$ cat model.tsv   # TSV, C-alpha atoms
chain	number	residue	atom	x	y	z
Z	181	MET	CA	0.00	0.00	0.00
Z	182	VAL	CA	2.83	2.37	0.88
Z	183	LYS	CA	4.52	1.66	-2.44
Z	184	PHE	CA	1.24	2.25	-4.28
Z	185	VAL	CA	0.58	5.58	-2.54
Z	186	ARG	CA	4.16	6.73	-3.16
Z	187	GLN	CA	3.90	5.94	-6.90
Z	188	LEU	CA	0.44	7.49	-7.20
Z	189	SER	CA	1.62	10.64	-5.44
Z	190	HIS	CA	4.65	10.83	-7.71
Z	191	ASP	CA	2.52	10.52	-10.85
Z	192	ILE	CA	0.01	13.14	-9.71
Z	193	ARG	CA	2.79	15.56	-8.75
Z	194	ASN	CA	4.25	15.20	-12.24
Z	195	ASN	CA	0.91	16.24	-13.68
Z	196	LEU	CA	0.68	19.12	-11.22
Z	197	ASN	CA	4.12	20.31	-12.28
Z	198	ALA	CA	2.88	20.38	-15.87
Z	199	VAL	CA	-0.15	22.42	-14.79
Z	200	GLU	CA	2.15	24.81	-12.93
Z	201	LEU	CA	4.28	25.34	-16.04
Z	202	GLN	CA	1.22	26.01	-18.17
Z	203	SER	CA	-0.12	28.42	-15.55
Z	204	ALA	CA	3.17	30.30	-15.49
Z	205	TYR	CA	3.06	30.58	-19.29
Z	206	LEU	CA	-0.52	31.85	-19.21
Z	207	ALA	CA	0.45	34.41	-16.57
Z	208	GLU	CA	3.07	35.79	-18.97
Z	209	LEU	CA	0.54	36.06	-21.78
Z	210	ALA	CA	-2.29	37.56	-19.72
Z	211	GLN	CA	-2.77	41.32	-19.85
Z	212	ASP	CA	-5.93	41.72	-17.78
Z	213	PRO	CA	-5.04	42.24	-14.04
Z	214	GLU	CA	-8.11	40.27	-12.94
Z	215	LEU	CA	-7.12	37.35	-15.16
Z	216	LYS	CA	-3.57	37.46	-13.74
Z	217	ASN	CA	-5.02	37.26	-10.22
Z	218	GLU	CA	-7.13	34.24	-11.14
Z	219	ILE	CA	-4.12	32.49	-12.66
Z	220	GLN	CA	-2.16	33.18	-9.48
Z	221	ARG	CA	-4.96	31.62	-7.42
Z	222	LEU	CA	-4.87	28.58	-9.68
Z	223	ARG	CA	-1.11	28.23	-9.14
Z	224	GLU	CA	-1.55	28.47	-5.36
Z	225	MET	CA	-4.24	25.78	-5.41
Z	226	THR	CA	-2.02	23.51	-7.50
Z	227	SER	CA	0.89	24.06	-5.12
Z	228	GLY	CA	-1.33	23.23	-2.14
Z	229	ILE	CA	-2.32	19.90	-3.67
Z	230	GLY	CA	1.35	19.03	-4.17
Z	231	VAL	CA	2.19	19.87	-0.56
Z	232	ASN	CA	-0.66	17.67	0.72
Z	233	LEU	CA	0.53	14.76	-1.40
Z	234	GLN	CA	4.05	15.15	-0.04
Z	235	ARG	CA	2.70	15.08	3.52
Z	236	LEU	CA	0.70	11.96	2.76
Z	237	THR	CA	3.74	10.20	1.34
Z	238	ALA	CA	5.88	11.27	4.30
Z	239	GLY	CA	3.26	9.99	6.73
Z	240	LEU	CA	3.49	6.51	5.23
Z	241	SER	CA	7.23	6.35	4.65
Z	242	GLN	CA	9.67	4.39	6.80
Z	243	VAL	CA	11.50	6.25	9.54
Z	244	ASN	CA	15.26	6.24	9.06
Z	245	PRO	CA	16.78	8.59	11.65
Z	246	ASN	CA	20.24	10.09	11.39
Z	247	PRO	CA	21.04	10.44	15.11
Z	248	MET	CA	23.42	12.94	16.60
Z	249	SER	CA	24.32	13.97	20.13
Z	250	TYR	CA	22.00	16.78	21.23
Z	251	SER	CA	21.50	18.53	24.53
Z	252	ALA	CA	18.02	17.76	25.89
Z	253	ALA	CA	17.65	21.30	27.24
Z	254	ASP	CA	18.69	22.81	23.89
Z	255	PHE	CA	16.27	20.54	22.09
Z	256	ILE	CA	13.37	21.83	24.20
Z	257	GLU	CA	14.42	25.43	23.57
Z	258	ASP	CA	14.49	24.76	19.83
Z	259	LEU	CA	11.07	23.14	20.11
Z	260	LYS	CA	9.69	26.21	21.88
Z	261	GLN	CA	10.87	28.42	19.02
Z	262	LYS	CA	9.39	26.04	16.45
Z	263	VAL	CA	6.02	26.01	18.21
Z	264	ALA	CA	6.04	29.82	18.31
Z	265	LYS	CA	6.80	29.94	14.58
Z	266	GLU	CA	4.47	27.17	13.37
Z	267	LEU	CA	1.57	27.83	15.77
Z	268	PRO	CA	1.64	31.59	16.38
Z	269	ASP	CA	-2.04	31.73	17.38
Z	270	ASN	CA	-1.68	29.01	20.01
Z	271	ALA	CA	1.91	29.20	21.25
Z	272	SER	CA	0.93	31.46	24.15
Z	273	LYS	CA	-1.45	28.75	25.39
Z	274	VAL	CA	1.42	26.38	26.13
Z	275	THR	CA	2.73	26.23	29.69
Z	276	TRP	CA	6.25	24.81	29.71
Z	277	ASP	CA	7.57	22.80	32.63
Z	278	VAL	CA	11.20	21.95	31.85
Z	279	GLN	CA	13.29	20.04	34.39
Z	280	LEU	CA	16.50	19.38	32.49
Z	281	LYS	CA	20.19	19.99	33.14
Z	282	ASP	CA	23.06	18.68	31.02
Z	283	GLU	CA	21.50	15.44	29.79
Z	284	GLU	CA	22.30	14.36	26.23
Z	285	LEU	CA	20.06	12.76	23.62
Z	286	ASP	CA	21.16	10.65	20.67
Z	287	ILE	CA	18.43	11.63	18.22
Z	288	ASP	CA	17.57	12.92	14.80
Z	289	PRO	CA	16.41	16.34	16.09
Z	290	GLN	CA	14.42	17.16	12.96
Z	291	LEU	CA	12.40	13.94	13.12
Z	292	VAL	CA	11.73	14.16	16.86
Z	293	GLN	CA	10.76	17.81	16.50
Z	294	GLN	CA	8.32	16.86	13.73
Z	295	ALA	CA	6.81	14.21	16.00
Z	296	LEU	CA	6.28	16.57	18.92
Z	297	LEU	CA	4.88	19.31	16.67
Z	298	GLU	CA	2.34	16.75	15.48
Z	299	LEU	CA	1.21	16.29	19.09
Z	300	PHE	CA	0.78	20.05	19.52
Z	301	ASN	CA	-1.11	20.29	16.23
Z	302	ASN	CA	-3.42	17.46	17.27
Z	303	ALA	CA	-4.17	19.12	20.59
Z	304	PHE	CA	-5.17	22.45	19.07
Z	305	GLN	CA	-6.90	20.95	16.06
Z	306	HIS	CA	-9.29	18.75	18.03
Z	307	GLU	CA	-9.97	21.30	20.78
Z	308	ARG	CA	-10.29	24.63	18.99
Z	309	ASN	CA	-11.41	26.49	22.12
Z	310	ILE	CA	-8.62	25.11	24.27
Z	311	LYS	CA	-7.19	27.72	26.66
Z	312	SER	CA	-4.10	26.02	28.00
Z	313	ILE	CA	-2.01	22.88	27.61
Z	314	THR	CA	1.08	21.82	29.55
Z	315	ALA	CA	4.31	20.60	27.97
Z	316	LYS	CA	6.70	18.93	30.39
Z	317	GLY	CA	10.24	17.72	29.76
Z	318	TYR	CA	12.28	15.81	32.34
Z	319	ILE	CA	14.58	12.85	32.89
Z	320	ASP	CA	13.26	9.62	34.40
Z	321	LYS	CA	16.20	7.32	35.17
Z	322	ASP	CA	17.86	6.82	31.77
Z	323	HIS	CA	15.06	8.26	29.62
Z	324	PHE	CA	14.09	11.69	28.40
Z	325	VAL	CA	10.35	12.10	28.91
Z	326	PHE	CA	8.12	14.56	27.11
Z	327	GLU	CA	4.54	14.89	28.35
Z	328	LEU	CA	1.78	16.89	26.72
Z	329	SER	CA	-1.32	17.33	28.89
Z	330	GLU	CA	-4.47	18.74	27.35
Z	331	PRO	CA	-7.98	19.23	28.75
Z	332	LYS	CA	-10.62	16.92	27.28
Z	333	ALA	CA	-14.14	17.51	28.51
Z	334	SER	CA	-15.29	14.33	26.78
Z	335	PHE	CA	-13.02	11.55	25.58
Z	336	GLU	CA	-14.38	8.18	24.49
Z	337	SER	CA	-11.48	6.82	22.43
Z	338	SER	CA	-9.33	3.98	23.72
Z	339	THR	CA	-5.68	4.75	24.48
Z	340	GLN	CA	-4.69	1.09	24.46
Z	341	ASN	CA	-3.42	1.08	20.86
Z	342	TRP	CA	-2.37	4.74	20.75
Z	343	GLY	CA	-0.47	5.35	17.55
Z	344	PHE	CA	-1.02	1.82	16.24
Z	345	GLU	CA	-4.18	2.46	14.22
Z	346	PRO	CA	-3.36	4.54	11.14
Z	347	MET	CA	-6.30	5.82	9.09
Z	348	ARG	CA	-8.78	4.98	11.84
Z	349	LYS	CA	-10.23	8.50	11.62
Z	350	VAL	CA	-10.24	10.06	8.18
Z	351	SER	CA	-11.70	13.46	7.29
Z	352	GLN	CA	-11.17	16.10	4.64
Z	353	GLY	CA	-7.48	16.93	4.53
Z	354	HIS	CA	-6.70	14.58	7.44
Z	355	TYR	CA	-5.88	10.91	6.98
Z	356	GLY	CA	-5.22	9.61	10.47
Z	357	LEU	CA	-1.49	9.11	9.95
Z	358	GLY	CA	-0.08	11.61	12.44
Z	359	LEU	CA	0.00	9.56	15.65
Z	360	ASN	CA	1.19	6.48	13.80
Z	361	ARG	CA	4.09	8.55	12.46
Z	362	VAL	CA	4.88	9.90	15.95
Z	363	ARG	CA	4.98	6.38	17.37
Z	364	ALA	CA	7.20	5.18	14.52
Z	365	ILE	CA	9.65	8.02	15.13
Z	366	ALA	CA	9.77	7.27	18.86
Z	367	GLU	CA	10.36	3.56	18.29
Z	368	ALA	CA	13.02	4.23	15.63
Z	369	HIS	CA	14.95	6.02	18.40
Z	370	GLY	CA	14.53	3.16	20.86
Z	371	GLY	CA	11.69	4.89	22.68
Z	372	ASP	CA	7.93	4.61	22.90
Z	373	LEU	CA	4.67	6.55	22.83
Z	374	ARG	CA	1.65	6.16	25.06
Z	375	ALA	CA	-1.43	8.08	26.18
Z	376	ASP	CA	-3.56	8.07	29.33
Z	377	TYR	CA	-6.87	9.75	30.04
Z	378	ASP	CA	-7.72	10.85	33.58
Z	379	LYS	CA	-11.49	11.03	33.93
Z	380	LYS	CA	-11.29	12.85	37.26
Z	381	THR	CA	-9.39	15.79	35.83
Z	382	SER	CA	-10.65	15.35	32.24
Z	383	THR	CA	-7.06	15.42	31.00
Z	384	LEU	CA	-5.43	13.51	28.17
Z	385	LYS	CA	-1.69	13.03	28.70
Z	386	THR	CA	0.44	11.91	25.79
Z	387	THR	CA	3.95	10.73	26.67
Z	388	MET	CA	7.01	10.13	24.51
Z	389	ARG	CA	10.04	8.48	26.09
Z	390	LEU	CA	13.49	8.43	24.48
Z	391	PRO	CA	16.80	7.06	25.76
Z	392	ALA	CA	19.03	9.69	27.33
Z	393	SER	CA	22.55	9.92	28.73
Z	394	PRO	CA	22.84	11.32	32.28
Z	395	ALA	CA	24.40	14.70	32.96
Z	396	GLU	CA	28.13	14.54	33.47
Z	397	LYS	CA	29.27	15.26	37.01
Z	398	SER	CA	31.86	17.99	37.29

$ encode --input "model.tsv" --output "structure tokens"
Amino acid sequence: MVKFVRQLSHDIRNNLNAVELQSAYLAELAQDPELKNEIQRLREMTSGIGVNLQRLTAGLSQVNPNPMSYSAADFIEDLKQKVAKELPDNASKVTWDVQLKDEELDIDPQLVQQALLELFNNAFQHERNIKSITAKGYIDKDHFVFELSEPKASFESSTQNWGFEPMRKVSQGHYGLGLNRVRAIAEAHGGDLRADYDKKTSTLKTTMRLPASPAEKS
């Protein structure tokens, strides 16, 4: 299935590239400002389709990390900046609780950052009126732990197979691949992903654990 989707996406993107070239040519020929604007809109729509196909292919592709030594504290700081850039309307709703010192991670920082951004996106996408979520980073024995806690007034889904059921919920523009991708990234780094729902506090807590090296003693 993955091979089929990859080939289909490749073929469609080739056709979209041809449409883009034709649109660019028409834009050069057009004299009417209104017509030029419509051609520009067409090019933007075509580009958007290509981006969505790339995301779909990436969501199904195998995870092959290129790990490097990375300070856990620096990684969280980079993540904060990425959240502020990618989610400007919601970044202020995140309460950060960081309890890190000089611990080191052996990770592909780009992949892990993508995974955690997916968790933030999920939280704000499914609860549009959410006022606050808590992001916590700390070390538990020999693991780096990242917890994202979000309020859920009603939650009926099972957390037993969290991240193991791709395409379970499909809607326009969303194909249910995000959590599966997050889990795959965690496991490719020797870690894991899990979720727990506390009915008493109506809070969903999603946790990613990754191996970490302890801080060096001076």

$ residues_around --input "model.tsv" --residues "Z:Asn309" --least-positions-apart "3" --cutoff "12 Å" --atoms "only C-alpha atoms" --output "ChimeraX atom specification"
/Z:269-270,273,303-306,312-313,330-333

$ atom_distance --input "model.tsv" --atom1 "atom CA of Z:Ile319" --atom2 "atom CA of Z:Asp277"
12.2 Å

$ residues_near_point --input "model.tsv" --point "(7.0, 17.8, 20.3)" --cutoff "12 Å" --atoms "only C-alpha atoms" --output "JSON, numbers by chain"
{"Z": [255, 256, 257, 258, 259, 260, 261, 262, 263, 266, 274, 276, 289, 290, 291, 292, 293, 294, 295, 296, 297, 298, 299, 300, 301, 302, 303, 314, 315, 316, 317, 325, 326, 327, 328, 329, 359, 362, 363, 365, 366, 373, 386, 387, 388, 389]}

$ residues_around --input "model.tsv" --residues "Z:Gln242" --least-positions-apart "5" --cutoff "10 Å" --atoms "all atoms listed in the file" --output "PyMOL selection string"
chain Z and resi 182+237+361+364-365+368

$ atom_distance --input "model.tsv" --atom1 "atom CA of Z:Leu233" --atom2 "atom CA of Z:Thr339"
28.4 Å

$ atom_distance --input "model.tsv" --atom1 "atom CA of Z:Lys281" --atom2 "atom CA of Z:Ala264"
22.7 Å

$ closest_residue --input "model.tsv" --among "Z:Arg374, Z:Gln187, Z:Ile192, Z:Ser334" --to "Z:Asn232" --atoms "only C-alpha atoms"
Z:Ile192

$ residues_near_point --input "model.tsv" --point "(17.4, 9.3, 16.9)" --cutoff "10 Å" --atoms "all atoms listed in the file" --output "list in words"
Val243, Asn244, Pro245, Asn246, Pro247, Met248, Ser249, Tyr250, Leu285, Asp286, Ile287, Asp288, Pro289, Gln290, Leu291, Val292, Ile365, Ala366, Glu367, Ala368, His369, Gly370, Gly371, Leu390 and Pro391 of chain Z

$ write_last_selection --input "model.tsv" --atoms "C-alpha atoms" --output "short mmCIF file (atom, residue, chain, number, x, y, z; two decimals), keeping the file's coordinate frame"
data_model
loop_
_atom_site.label_atom_id
_atom_site.label_comp_id
_atom_site.auth_asym_id
_atom_site.auth_seq_id
_atom_site.Cartn_x
_atom_site.Cartn_y
_atom_site.Cartn_z
CA VAL Z 243 11.50 6.25 9.54
CA ASN Z 244 15.26 6.24 9.06
CA PRO Z 245 16.78 8.59 11.65
CA ASN Z 246 20.24 10.09 11.39
CA PRO Z 247 21.04 10.44 15.11
CA MET Z 248 23.42 12.94 16.60
CA SER Z 249 24.32 13.97 20.13
CA TYR Z 250 22.00 16.78 21.23
CA LEU Z 285 20.06 12.76 23.62
CA ASP Z 286 21.16 10.65 20.67
CA ILE Z 287 18.43 11.63 18.22
CA ASP Z 288 17.57 12.92 14.80
CA PRO Z 289 16.41 16.34 16.09
CA GLN Z 290 14.42 17.16 12.96
CA LEU Z 291 12.40 13.94 13.12
CA VAL Z 292 11.73 14.16 16.86
CA ILE Z 365 9.65 8.02 15.13
CA ALA Z 366 9.77 7.27 18.86
CA GLU Z 367 10.36 3.56 18.29
CA ALA Z 368 13.02 4.23 15.63
CA HIS Z 369 14.95 6.02 18.40
CA GLY Z 370 14.53 3.16 20.86
CA GLY Z 371 11.69 4.89 22.68
CA LEU Z 390 13.49 8.43 24.48
CA PRO Z 391 16.80 7.06 25.76
#

$ residues_around --input "model.tsv" --residues "stretch 193-197 of chain Z" --least-positions-apart "6" --cutoff "9 Å" --atoms "only C-alpha atoms" --output "PyMOL selection string"
chain Z and resi 226-227+229-230+233-234

$ closest_residue --input "model.tsv" --among "Z:Ser241, Z:Asn360, Z:Ser272, Z:Asn341" --to "Z:Lys183" --atoms "only C-alpha atoms"
Z:Ser241
